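Visitor: So here's input.txt (compact mmCIF, C-alpha atoms).
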# COMPACT_ATOMS: atom_id res chain seq x y z
CA MET A 22 162.66 -79.74 128.07
CA SER A 23 166.07 -81.29 128.77
CA GLU A 24 169.14 -80.82 126.61
CA PRO A 25 169.04 -82.78 123.32
CA LEU A 26 170.43 -86.30 123.41
CA LYS A 27 173.21 -86.45 120.82
CA VAL A 28 173.47 -89.52 118.61
CA ALA A 29 176.18 -90.72 116.21
CA ILE A 30 175.41 -93.38 113.62
CA ALA A 31 178.05 -95.76 112.26
CA GLY A 32 176.99 -97.52 109.08
CA LEU A 33 174.58 -96.04 106.53
CA GLY A 34 173.17 -99.07 104.81
CA ASN A 35 169.45 -99.79 104.87
CA VAL A 36 169.25 -99.97 108.65
CA GLY A 37 171.42 -96.93 109.40
CA VAL A 38 169.53 -94.85 106.86
CA GLY A 39 166.28 -96.12 108.35
CA VAL A 40 167.33 -94.75 111.73
CA VAL A 41 168.11 -91.38 110.16
CA LYS A 42 164.70 -91.33 108.45
CA ILE A 43 162.79 -92.08 111.65
CA LEU A 44 164.69 -89.54 113.72
CA GLN A 45 164.14 -86.89 111.04
CA GLN A 46 160.50 -87.63 110.20
CA HIS A 47 159.30 -88.27 113.77
CA ARG A 48 161.42 -85.66 115.49
CA GLU A 49 158.55 -83.87 117.28
CA LEU A 50 156.67 -87.08 118.07
CA ILE A 51 159.75 -88.61 119.68
CA ALA A 52 160.54 -85.43 121.63
CA ASP A 53 156.98 -85.35 122.98
CA ARG A 54 157.17 -89.01 124.04
CA THR A 55 160.55 -88.73 125.71
CA GLY A 56 160.51 -85.15 127.01
CA ARG A 57 163.80 -84.64 125.24
CA GLU A 58 164.88 -83.97 121.67
CA ILE A 59 167.05 -86.61 120.02
CA ALA A 60 169.54 -85.05 117.62
CA ILE A 61 171.92 -86.73 115.19
CA THR A 62 175.30 -85.02 115.40
CA ALA A 63 177.64 -87.31 113.43
CA VAL A 64 177.57 -90.13 110.90
CA SER A 65 180.11 -92.50 109.40
CA ALA A 66 180.14 -94.93 106.47
CA ARG A 67 182.51 -96.34 103.87
CA SER A 68 181.45 -93.96 101.11
CA ARG A 69 180.66 -90.29 101.61
CA ASN A 70 179.29 -89.74 98.11
CA SER A 71 176.61 -92.43 97.86
CA ASN A 72 173.04 -91.26 97.30
CA ARG A 73 171.16 -92.63 100.30
CA GLY A 74 167.91 -90.73 99.85
CA VAL A 75 168.29 -88.73 103.08
CA ASP A 76 169.80 -85.34 103.85
CA LEU A 77 173.03 -85.78 105.86
CA SER A 78 174.37 -82.28 105.31
CA ASN A 79 173.72 -81.10 108.88
CA TYR A 80 175.80 -83.87 110.46
CA THR A 81 179.53 -84.14 110.98
CA TRP A 82 180.96 -86.77 108.63
CA VAL A 83 183.57 -89.05 110.18
CA ASP A 84 185.62 -91.25 107.84
CA ASN A 85 186.78 -93.67 110.52
CA ALA A 86 183.81 -94.99 112.49
CA ALA A 87 186.05 -95.77 115.47
CA ASP A 88 186.56 -92.01 115.96
CA LEU A 89 182.91 -91.59 116.94
CA ALA A 90 183.76 -93.08 120.33
CA GLN A 91 186.03 -90.09 121.09
CA MET A 92 183.71 -87.24 120.11
CA ASP A 93 182.58 -84.82 122.83
CA ASP A 94 179.21 -84.04 121.22
CA VAL A 95 178.04 -87.67 121.19
CA ASP A 96 176.03 -89.31 123.99
CA ILE A 97 174.98 -92.49 122.16
CA VAL A 98 176.75 -94.42 119.43
CA VAL A 99 174.51 -96.46 117.10
CA GLU A 100 176.31 -99.28 115.29
CA ALA A 101 174.78 -100.56 112.04
CA ILE A 102 177.97 -101.88 110.46
CA GLY A 103 177.70 -105.58 111.29
CA GLY A 104 180.28 -108.28 111.83
CA GLU A 105 181.25 -110.27 114.89
CA ASP A 106 184.61 -108.55 115.36
CA GLY A 107 186.57 -105.87 113.52
CA ILE A 108 185.55 -102.23 113.51
CA ALA A 109 182.13 -102.97 115.04
CA LEU A 110 183.60 -104.57 118.17
CA GLU A 111 186.32 -101.92 118.42
CA LEU A 112 183.70 -99.19 118.25
CA ALA A 113 181.50 -100.91 120.83
CA GLN A 114 184.32 -101.34 123.33
CA ASN A 115 185.70 -97.83 122.90
CA ALA A 116 182.30 -96.16 123.05
CA LEU A 117 181.44 -97.90 126.32
CA LYS A 118 184.90 -97.21 127.78
CA ASN A 119 184.37 -93.53 126.94
CA SER A 120 181.07 -93.54 128.86
CA LYS A 121 178.87 -93.40 125.76
CA SER A 122 175.79 -95.57 125.59
CA PHE A 123 175.79 -98.05 122.73
CA VAL A 124 172.90 -99.30 120.59
CA THR A 125 173.34 -102.03 118.01
CA ALA A 126 171.50 -104.41 115.70
CA ASN A 127 174.60 -106.62 115.50
CA LYS A 128 173.42 -110.06 116.60
CA ALA A 129 176.72 -111.82 115.83
CA MET A 130 178.71 -109.42 117.99
CA VAL A 131 176.30 -109.59 120.93
CA ALA A 132 176.02 -113.40 120.68
CA HIS A 133 179.79 -113.78 120.86
CA HIS A 134 180.79 -110.84 123.08
CA GLY A 135 177.64 -109.95 125.02
CA ALA A 136 179.04 -110.64 128.49
CA LEU A 137 182.19 -108.58 127.78
CA LEU A 138 180.18 -105.61 126.51
CA ALA A 139 177.74 -105.86 129.42
CA ASP A 140 180.68 -105.63 131.84
CA LEU A 141 181.99 -102.51 130.08
CA ALA A 142 178.57 -100.85 130.11
CA GLN A 143 178.12 -101.56 133.81
CA ASP A 144 181.64 -100.43 134.72
CA ASN A 145 181.11 -97.11 132.94
CA ASN A 146 177.50 -96.59 134.06
CA VAL A 147 176.07 -96.39 130.53
CA ALA A 148 173.50 -98.37 128.57
CA LEU A 149 174.07 -101.25 126.18
CA ARG A 150 170.95 -101.98 124.09
CA PHE A 151 170.38 -104.49 121.28
CA GLU A 152 166.62 -104.94 120.79
CA ALA A 153 167.14 -104.73 117.03
CA ALA A 154 169.48 -107.73 117.09
CA VAL A 155 166.61 -110.16 117.73
CA ALA A 156 163.37 -110.42 115.73
CA GLY A 157 163.45 -106.86 114.35
CA GLY A 158 159.99 -105.38 114.80
CA ILE A 159 158.99 -107.68 117.68
CA PRO A 160 160.09 -106.03 120.97
CA ILE A 161 160.87 -109.41 122.49
CA ILE A 162 163.84 -108.34 124.62
CA LYS A 163 161.80 -105.55 126.20
CA ALA A 164 158.88 -107.92 126.70
CA ILE A 165 161.06 -110.46 128.49
CA GLY A 166 163.10 -108.01 130.53
CA GLU A 167 160.27 -105.68 131.53
CA GLY A 168 156.80 -107.06 130.84
CA LEU A 169 157.67 -110.54 132.12
CA ALA A 170 160.21 -109.45 134.72
CA ALA A 171 158.18 -110.93 137.61
CA ASN A 172 158.41 -114.42 136.15
CA GLN A 173 160.93 -117.24 136.31
CA LEU A 174 161.19 -118.18 132.66
CA SER A 175 161.83 -121.74 131.56
CA LEU A 176 161.38 -121.96 127.78
CA VAL A 177 161.74 -119.65 124.79
CA TYR A 178 161.28 -120.83 121.23
CA GLY A 179 160.30 -119.47 117.88
CA ILE A 180 160.81 -118.62 114.23
CA MET A 181 163.82 -116.32 114.33
CA ASN A 182 164.77 -116.14 110.65
CA GLY A 183 162.25 -114.68 108.24
CA THR A 184 164.13 -115.76 105.12
CA THR A 185 163.98 -119.47 105.85
CA ASN A 186 160.38 -119.17 107.01
CA TYR A 187 159.56 -117.52 103.70
CA MET A 188 161.32 -120.29 101.78
CA LEU A 189 159.56 -123.13 103.61
CA SER A 190 156.23 -121.33 103.19
CA GLN A 191 156.80 -120.92 99.45
CA MET A 192 157.85 -124.54 99.02
CA GLU A 193 154.57 -125.57 100.62
CA ALA A 194 152.41 -123.06 98.73
CA THR A 195 153.89 -123.64 95.26
CA GLY A 196 155.26 -127.19 95.35
CA LYS A 197 158.51 -125.88 93.91
CA SER A 198 161.84 -127.42 94.89
CA TYR A 199 164.26 -126.00 97.44
CA ASP A 200 166.64 -124.91 94.66
CA GLU A 201 163.88 -123.11 92.74
CA ILE A 202 162.67 -121.25 95.82
CA LEU A 203 166.25 -120.42 96.82
CA GLU A 204 166.81 -118.78 93.44
CA GLU A 205 163.61 -116.76 93.76
CA THR A 206 164.46 -115.75 97.33
CA ASP A 207 167.88 -114.56 96.24
CA ALA A 208 166.36 -112.53 93.39
CA LEU A 209 164.07 -110.79 95.91
CA GLY A 210 167.11 -109.77 97.97
CA TYR A 211 166.00 -111.64 101.09
CA LEU A 212 169.24 -113.55 101.69
CA GLU A 213 172.11 -112.30 103.83
CA ALA A 214 175.31 -111.33 102.00
CA ASP A 215 176.56 -114.71 103.19
CA PRO A 216 173.56 -116.98 102.49
CA ALA A 217 174.89 -119.62 104.90
CA LEU A 218 173.88 -117.36 107.80
CA ASP A 219 170.25 -117.89 106.82
CA LEU A 220 170.26 -121.34 105.23
CA ASP A 221 172.45 -123.07 107.83
CA GLY A 222 170.67 -121.61 110.85
CA ILE A 223 173.56 -119.41 112.02
CA ASP A 224 171.53 -116.18 112.01
CA ALA A 225 168.83 -117.80 114.15
CA ALA A 226 171.48 -119.25 116.47
CA HIS A 227 172.95 -115.80 117.11
CA LYS A 228 169.51 -114.57 118.14
CA LEU A 229 168.85 -117.63 120.28
CA ALA A 230 172.10 -117.17 122.22
CA ILE A 231 171.07 -113.60 123.03
CA LEU A 232 167.56 -114.62 124.08
CA SER A 233 168.94 -117.29 126.39
CA SER A 234 170.92 -114.66 128.28
CA VAL A 235 168.04 -112.19 128.42
CA ALA A 236 165.52 -114.82 129.54
CA PHE A 237 167.61 -116.85 131.97
CA GLY A 238 170.40 -114.56 133.17
CA THR A 239 173.11 -116.78 131.70
CA LYS A 240 176.25 -115.64 129.91
CA THR A 241 175.94 -115.59 126.13
CA ASP A 242 177.15 -118.98 124.92
CA PHE A 243 176.90 -119.17 121.14
CA ASP A 244 179.52 -121.92 120.92
CA ASN A 245 177.17 -124.39 122.62
CA VAL A 246 174.15 -123.77 120.38
CA TYR A 247 173.37 -126.85 118.26
CA ILE A 248 172.81 -125.61 114.69
CA GLU A 249 171.23 -127.32 111.70
CA GLY A 250 169.77 -125.55 108.66
CA ILE A 251 167.16 -126.25 105.99
CA ARG A 252 169.26 -127.29 102.98
CA ALA A 253 168.25 -130.97 103.24
CA ILE A 254 164.49 -130.26 103.29
CA GLU A 255 162.69 -131.30 100.11
CA THR A 256 159.18 -130.60 98.88
CA VAL A 257 158.25 -134.25 99.52
CA ASP A 258 159.01 -133.78 103.22
CA ILE A 259 156.65 -130.83 103.36
CA ALA A 260 153.94 -132.84 101.57
CA TYR A 261 154.36 -135.95 103.71
CA GLY A 262 154.54 -133.86 106.85
CA LYS A 263 151.18 -132.31 105.89
CA GLU A 264 149.72 -135.77 105.38
CA LEU A 265 150.84 -136.68 108.90
CA GLY A 266 149.39 -133.48 110.38
CA TYR A 267 152.66 -131.55 110.66
CA ARG A 268 154.26 -128.42 109.21
CA ILE A 269 158.03 -127.91 108.95
CA LYS A 270 159.54 -124.83 110.61
CA LEU A 271 163.10 -123.81 111.42
CA LEU A 272 162.89 -123.11 115.15
CA GLY A 273 165.27 -121.89 117.78
CA ILE A 274 164.57 -123.51 121.14
CA THR A 275 166.21 -122.63 124.43
CA LYS A 276 165.36 -124.19 127.78
CA TYR A 277 166.81 -123.60 131.24
CA GLU A 278 166.21 -126.10 134.01
CA ASN A 279 168.10 -126.90 137.22
CA GLY A 280 171.17 -124.95 136.14
CA THR A 281 171.41 -126.62 132.72
CA LEU A 282 170.90 -124.80 129.43
CA SER A 283 169.75 -126.42 126.18
CA GLN A 284 170.08 -124.30 123.04
CA ARG A 285 169.29 -125.65 119.58
CA VAL A 286 168.33 -124.43 116.12
CA HIS A 287 167.04 -126.98 113.60
CA PRO A 288 164.06 -127.86 111.41
CA VAL A 289 161.15 -129.36 113.30
CA MET A 290 157.81 -130.90 112.50
CA ILE A 291 155.06 -129.39 114.64
CA ASP A 292 151.31 -129.77 114.82
CA ARG A 293 149.79 -127.69 112.03
CA GLU A 294 147.15 -126.33 114.43
CA LEU A 295 149.67 -124.62 116.72
CA PRO A 296 149.64 -120.80 116.44
CA ILE A 297 153.33 -120.74 115.55
CA ALA A 298 152.79 -123.28 112.76
CA ARG A 299 150.44 -120.79 111.09
CA VAL A 300 153.09 -118.05 110.92
CA MET A 301 154.08 -117.96 107.26
CA ASP A 302 156.27 -116.10 104.77
CA GLY A 303 158.78 -113.57 106.15
CA PHE A 304 157.26 -113.23 109.62
CA ASN A 305 158.95 -114.12 112.89
CA ALA A 306 157.16 -115.47 115.95
CA LEU A 307 158.27 -116.20 119.50
CA VAL A 308 156.82 -118.06 122.46
CA VAL A 309 157.89 -117.45 126.06
CA ASP A 310 156.89 -119.66 129.01
CA GLY A 311 156.99 -118.39 132.59
CA ASP A 312 155.79 -119.61 135.95
CA TYR A 313 153.12 -116.93 136.50
CA ILE A 314 152.14 -116.07 132.92
CA ASP A 315 152.11 -119.61 131.54
CA ARG A 316 152.63 -118.88 127.84
CA THR A 317 152.88 -115.70 125.77
CA PHE A 318 153.07 -115.41 121.98
CA TYR A 319 154.57 -112.66 119.79
CA GLN A 320 154.48 -112.21 116.01
CA GLY A 321 155.75 -109.60 113.58
CA ARG A 322 158.19 -108.65 110.87
CA GLY A 323 161.63 -109.83 111.85
CA ALA A 324 163.89 -108.00 109.44
CA GLY A 325 164.17 -105.17 106.95
CA GLU A 326 164.97 -101.49 107.15
CA GLY A 327 161.76 -100.39 108.86
CA PRO A 328 161.39 -102.97 111.67
CA THR A 329 165.10 -103.01 112.52
CA ALA A 330 165.47 -99.23 112.48
CA SER A 331 162.30 -98.92 114.57
CA ALA A 332 163.82 -101.21 117.20
CA ILE A 333 167.04 -99.17 117.28
CA VAL A 334 165.16 -95.91 117.75
CA ALA A 335 163.07 -97.50 120.51
CA ASP A 336 166.32 -98.30 122.33
CA ILE A 337 167.51 -94.71 121.86
CA ILE A 338 164.21 -93.45 123.30
CA ASP A 339 164.60 -95.74 126.32
CA ILE A 340 168.03 -94.27 127.00
CA ALA A 341 166.67 -90.73 126.51
CA ARG A 342 164.13 -91.53 129.23
CA GLY A 343 166.95 -92.43 131.59
CA HIS A 344 166.68 -96.21 131.37
CA ASN A 345 170.25 -97.46 131.54
CA GLY A 346 169.86 -100.64 133.57
CA ALA A 347 171.76 -103.88 133.02
CA ALA A 348 171.95 -105.01 129.40
CA PHE A 349 170.69 -108.52 130.21
CA PHE A 350 168.40 -107.29 133.01
CA LYS A 351 170.78 -108.61 135.63
CA PRO A 352 174.11 -107.22 136.95
CA SER A 353 176.79 -108.48 134.59
CA HIS A 354 178.80 -110.10 137.40
CA LYS A 355 175.74 -112.20 138.28
CA LEU A 356 175.32 -113.69 134.80
CA VAL A 357 175.62 -117.45 135.18
CA ASP A 358 177.96 -119.88 133.44
CA ALA A 359 175.27 -122.47 132.74
CA GLN A 360 176.04 -126.13 132.19
CA SER A 361 175.35 -126.86 128.53
CA VAL A 362 173.07 -129.72 127.46
CA THR A 363 174.01 -131.23 124.10
CA ILE A 364 171.62 -132.34 121.39
CA ASN A 365 172.44 -135.94 122.28
CA GLU A 366 170.38 -135.50 125.47
CA ARG A 367 167.22 -134.79 123.49
CA GLN A 368 164.37 -137.25 123.81
CA GLY A 369 161.46 -137.10 121.41
CA ALA A 370 159.88 -138.44 118.25
CA TYR A 371 161.31 -138.24 114.72
CA TYR A 372 160.18 -138.11 111.12
CA VAL A 373 162.39 -140.17 108.79
CA ARG A 374 162.52 -140.25 104.98
CA LEU A 375 164.35 -143.10 103.27
CA HIS A 376 164.92 -143.49 99.52
CA VAL A 377 165.34 -147.20 98.86
CA GLU A 378 165.19 -149.84 96.14
CA ASP A 379 161.76 -151.41 95.75
CA HIS A 380 162.25 -155.13 96.29
CA ALA A 381 161.37 -157.81 98.78
CA GLY A 382 163.05 -157.71 102.18
CA VAL A 383 163.85 -153.99 102.26
CA ILE A 384 161.23 -153.11 104.89
CA ALA A 385 162.32 -156.10 106.99
CA ASP A 386 165.94 -154.90 106.89
CA ILE A 387 164.88 -151.37 107.90
CA THR A 388 162.76 -152.55 110.82
CA THR A 389 165.57 -154.83 112.01
CA SER A 390 167.98 -151.88 112.00
CA LEU A 391 165.52 -149.82 114.02
CA LYS A 392 164.91 -152.66 116.47
CA ASP A 393 168.65 -153.18 116.98
CA ALA A 394 168.97 -149.48 117.86
CA ASN A 395 165.97 -149.64 120.23
CA VAL A 396 163.87 -147.30 118.08
CA SER A 397 160.15 -148.02 117.81
CA VAL A 398 158.12 -147.06 114.72
CA GLU A 399 154.77 -145.30 115.17
CA THR A 400 153.74 -144.93 111.51
CA MET A 401 155.21 -146.15 108.20
CA LEU A 402 154.19 -145.11 104.69
CA GLN A 403 155.52 -146.24 101.32
CA LYS A 404 155.44 -143.69 98.51
CA GLY A 405 156.40 -143.80 94.85
CA THR A 406 159.24 -141.71 93.43
CA GLU A 407 160.08 -140.32 90.02
CA ARG A 408 162.77 -142.95 89.64
CA ASP A 409 161.64 -146.42 88.52
CA GLY A 410 162.33 -149.26 90.91
CA THR A 411 162.65 -147.04 94.01
CA VAL A 412 160.30 -145.86 96.73
CA TYR A 413 160.28 -143.49 99.63
CA VAL A 414 159.74 -145.07 103.02
CA ILE A 415 158.30 -142.45 105.38
CA MET A 416 158.27 -143.16 109.11
CA THR A 417 157.55 -141.48 112.38
CA THR A 418 158.95 -142.94 115.58
CA HIS A 419 157.82 -143.11 119.15
CA GLU A 420 159.87 -141.03 121.60
CA THR A 421 163.50 -142.08 121.72
CA ARG A 422 166.90 -140.62 122.54
CA GLU A 423 168.84 -138.68 119.93
CA THR A 424 171.75 -141.10 120.23
CA ALA A 425 169.47 -144.07 119.52
CA MET A 426 168.05 -142.33 116.44
CA LYS A 427 171.54 -141.59 115.13
CA ASP A 428 172.51 -145.22 115.68
CA ALA A 429 169.43 -146.38 113.77
CA LEU A 430 170.11 -144.05 110.83
CA ASN A 431 173.73 -145.18 110.64
CA ARG A 432 172.61 -148.82 110.53
CA ILE A 433 170.02 -148.08 107.85
CA ASN A 434 172.51 -146.10 105.78
CA GLU A 435 174.75 -149.18 105.59
CA LEU A 436 172.02 -151.25 103.90
CA SER A 437 172.74 -151.93 100.23
CA SER A 438 169.16 -151.04 99.29
CA VAL A 439 169.45 -147.46 100.56
CA ILE A 440 170.06 -145.05 97.68
CA GLU A 441 170.82 -141.80 99.53
CA ASN A 442 171.49 -140.68 103.08
CA PRO A 443 168.39 -140.88 105.28
CA LEU A 444 166.78 -137.63 106.36
CA SER A 445 165.41 -137.18 109.86
CA ILE A 446 163.49 -134.24 111.27
CA ARG A 447 162.73 -133.89 114.95
CA ILE A 448 159.06 -133.83 115.91
CA GLU A 449 158.43 -131.29 118.65
CA LYS A 450 155.35 -131.32 120.88
CA LEU A 451 155.32 -127.71 121.96
Represent the structure contained in this file as structure tokens.
Guide:
Amino acid sequence: MSEPLKVAIAGLGNVGVGVVKILQQHRELIADRTGREIAITAVSARSRNSNRGVDLSNYTWVDNAADLAQMDDVDIVVEAIGGEDGIALELAQNALKNSKSFVTANKAMVAHHGALLADLAQDNNVALRFEAAVAGGIPIIKAIGEGLAANQLSLVYGIMNGTTNYMLSQMEATGKSYDEILEETDALGYLEADPALDLDGIDAAHKLAILSSVAFGTKTDFDNVYIEGIRAIETVDIAYGKELGYRIKLLGITKYENGTLSQRVHPVMIDRELPIARVMDGFNALVVDGDYIDRTFYQGRGAGEGPTASAIVADIIDIARGHNGAAFFKPSHKLVDAQSVTINERQGAYYVRLHVEDHAGVIADITTSLKDANVSVETMLQKGTERDGTVYVIMTTHETRETAMKDALNRINELSSVIENPLSIRIEKL
């Protein structure tokens, strides 16, 4: 058997400790599967004295995580600290420059600096791996880069944030309001330390930017991802969507066609019979379209200590087997600067909820506003509200351009009968 592969772990929160647990508990299993023992040699975290439930006594403790990049008895640095910049990025750059392979679950860092890190890994002939940064327990990066490597891919979409999927599922199952479910979700510990990462779609957007690069060979381009979260979704939208045959999901959608890249994260209404519409609670799911495989579907736990740590260890095992190819499955100098397509180029149908005063002429004013913006209505429902003298007007439109829909909503919002800002949700036929 070959010499042990020596691993240093920076960050001993749930994920870092999960990596330690797997490497300790499955030591023989992993050695048998790789033909090489994987040994932890050093660890680093903010506090040395915390009780983490694992034995760290056999490992060198390093107070400054950045120092792991300089150690002679380290072949791979695992980063489980988090953060787009700061110590995590410093450690990544220095580890790669010092010819140490680097494994991370840090989606924000890869989404913003993936091309830079890929260059460093290639220049120093080491591996950069980040399976754990996207969809946790679903090996989607490996599936795209290896299992589907013979295909020209055109579309990737999916549920990339388990927290928001859980919240939308609970709103539907219980009929409770967004605020009530948010409070329960927080109590369960499902939210990121900064809840905006989940609720505003930023977490999903980080993952989408990475998947775009892996799937299409483009440079990571987080700045051109359109992002919209779930804060405006109300229980009535879920109920009315069900009545219309739809279910609301927060999806990330990336499409590459003729050198142009469309990347967007936002709530959608999709046919309730689609496989991805049936993925509930904290699960993630992803769909990948290719020219020779048509469509493939993946589902699993997207977050948590176990799935994320499992993905990190899988990357370590790949490196132990000698797999140190290009991070994005393409030489870094060949990654493409794709032309970005904005959300304004979207063409499709829309769901619209209006809260208006209940008196004669309101519907006529609404339809005039839509007509003036060249938006055609497919269905229109009128529903009672808890407030006397007001109604909800629920509409779906025929396919139209995003800019036309925005124009229509602006016109409607100026009507004196409109009580609150209109809500629109894009209807996706996937």
Visitor: What's around Ala60 of chain A at 7 Å? Count only C-alpha atoms, leave out sequence neighbours fewer than 6 positions away in its own chain, and write the answer as a PyMOL selection string.
Guide: chain A and resi 25-28
Visitor: Take every atom of segment 65-81 of chain A listed in the file, fit an axis-aligned box around them, add 8 Å per side, and give the centre and edge lengths in Å to one decimal as AutoDock Vina command-line options.
Guide:
--center_x 175.2 --center_y -88.7 --center_z 104.1 --size_x 30.6 --size_y 31.2 --size_z 29.7
Visitor: Quick one, how far is atom CA of His354 of chain A from atom CA of Ser233 of chain A?
Guide: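 Computed distance, atom CA of His354 of chain A to atom CA of Ser233 of chain A, equals 16.4 Å.
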Visitor: Between atom CA of Asp310 of chain A and atom CA of Gln143 of chain A, what is the distance, to one decimal in Å?
Guide: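 Going from atom CA of Asp310 of chain A over to atom CA of Gln143 of chain A, I get 28.3 Å.
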Visitor: Determine, for each residue of segment 108-209 of chain A having at least one atom at most 8 Å from an atom of segment 82-94 of chain A, the closest pair of atoms and their separation in Å to one decimal, counting only C-alpha atoms; order by chain and ascending number, as a tab-separated table.
Guide:
residue	atom	partner	partner_atom	distance
A:Ile108	CA	A:Ala87	CA	6.8
A:Glu111	CA	A:Ala87	CA	6.8
A:Leu112	CA	A:Ala87	CA	5.0
A:Asn115	CA	A:Ala90	CA	5.7
A:Ala116	CA	A:Ala90	CA	4.4
A:Asn119	CA	A:Ala90	CA	6.7
A:Lys121	CA	A:Ala90	CA	7.3
Visitor: Skip Glu201 of chain A itself and residues of its chain fewer than 4 positions away, then list as a PyMOL selection string all residues within 12 Å of it, counting only C-alpha atoms.
Guide: chain A and resi 188-189+191-192+195-197+205-208+255-256
Visitor: Please report, as JSON lines, each residue of segment 270-346 of chain A lying at most 6 Å from segment 153-172 of chain A, together with the nearest pair of atoms and the separation in Å rounded to one decimal; use all atoms listed in the file, and order rows by chain and ascending residue number.
Guide:
{"residue": "A:Gly311", "atom": "CA", "partner": "A:Asn172", "partner_atom": "CA", "distance": 5.5}
{"residue": "A:Asp312", "atom": "CA", "partner": "A:Asn172", "partner_atom": "CA", "distance": 5.8}
{"residue": "A:Tyr313", "atom": "CA", "partner": "A:Asn172", "partner_atom": "CA", "distance": 5.9}
{"residue": "A:Gly321", "atom": "CA", "partner": "A:Ile159", "partner_atom": "CA", "distance": 5.6}
{"residue": "A:Arg322", "atom": "CA", "partner": "A:Gly158", "partner_atom": "CA", "distance": 5.4}
{"residue": "A:Gly323", "atom": "CA", "partner": "A:Gly157", "partner_atom": "CA", "distance": 4.3}
{"residue": "A:Ala324", "atom": "CA", "partner": "A:Gly157", "partner_atom": "CA", "distance": 5.1}
{"residue": "A:Pro328", "atom": "CA", "partner": "A:Gly158", "partner_atom": "CA", "distance": 4.2}
{"residue": "A:Thr329", "atom": "CA", "partner": "A:Gly157", "partner_atom": "CA", "distance": 4.6}
{"residue": "A:Ala332", "atom": "CA", "partner": "A:Ala153", "partner_atom": "CA", "distance": 4.8}
{"residue": "A:Ile333", "atom": "CA", "partner": "A:Ala153", "partner_atom": "CA", "distance": 5.6}
Visitor: Record the distance separating atom CA of Ile433 of chain A and atom CA of Thr406 of chain A, expressed in Å with one decimal.
Guide: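 Distance reported for this atom pair: 19.1 Å.
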Visitor: Would you pick out the contacts of Thr241 of chain A at 8 Å or less, using only C-alpha atoms, so that residues sharing its chain but fewer than 6 positions from it are not included, and give the list as a PDB file with C-alpha atoms, in the coordinates of the input?
Guide:
ATOM      1  CA  VAL A 131     176.300-109.590 120.930  1.00  0.00           C
ATOM      2  CA  ALA A 132     176.020-113.400 120.680  1.00  0.00           C
ATOM      3  CA  HIS A 133     179.790-113.780 120.860  1.00  0.00           C
ATOM      4  CA  HIS A 134     180.790-110.840 123.080  1.00  0.00           C
ATOM      5  CA  GLY A 135     177.640-109.950 125.020  1.00  0.00           C
ATOM      6  CA  ALA A 136     179.040-110.640 128.490  1.00  0.00           C
ATOM      7  CA  ALA A 230     172.100-117.170 122.220  1.00  0.00           C
ATOM      8  CA  ILE A 231     171.070-113.600 123.030  1.00  0.00           C
ATOM      9  CA  SER A 233     168.940-117.290 126.390  1.00  0.00           C
ATOM     10  CA  SER A 234     170.920-114.660 128.280  1.00  0.00           C
TER      11      SER A 234
END
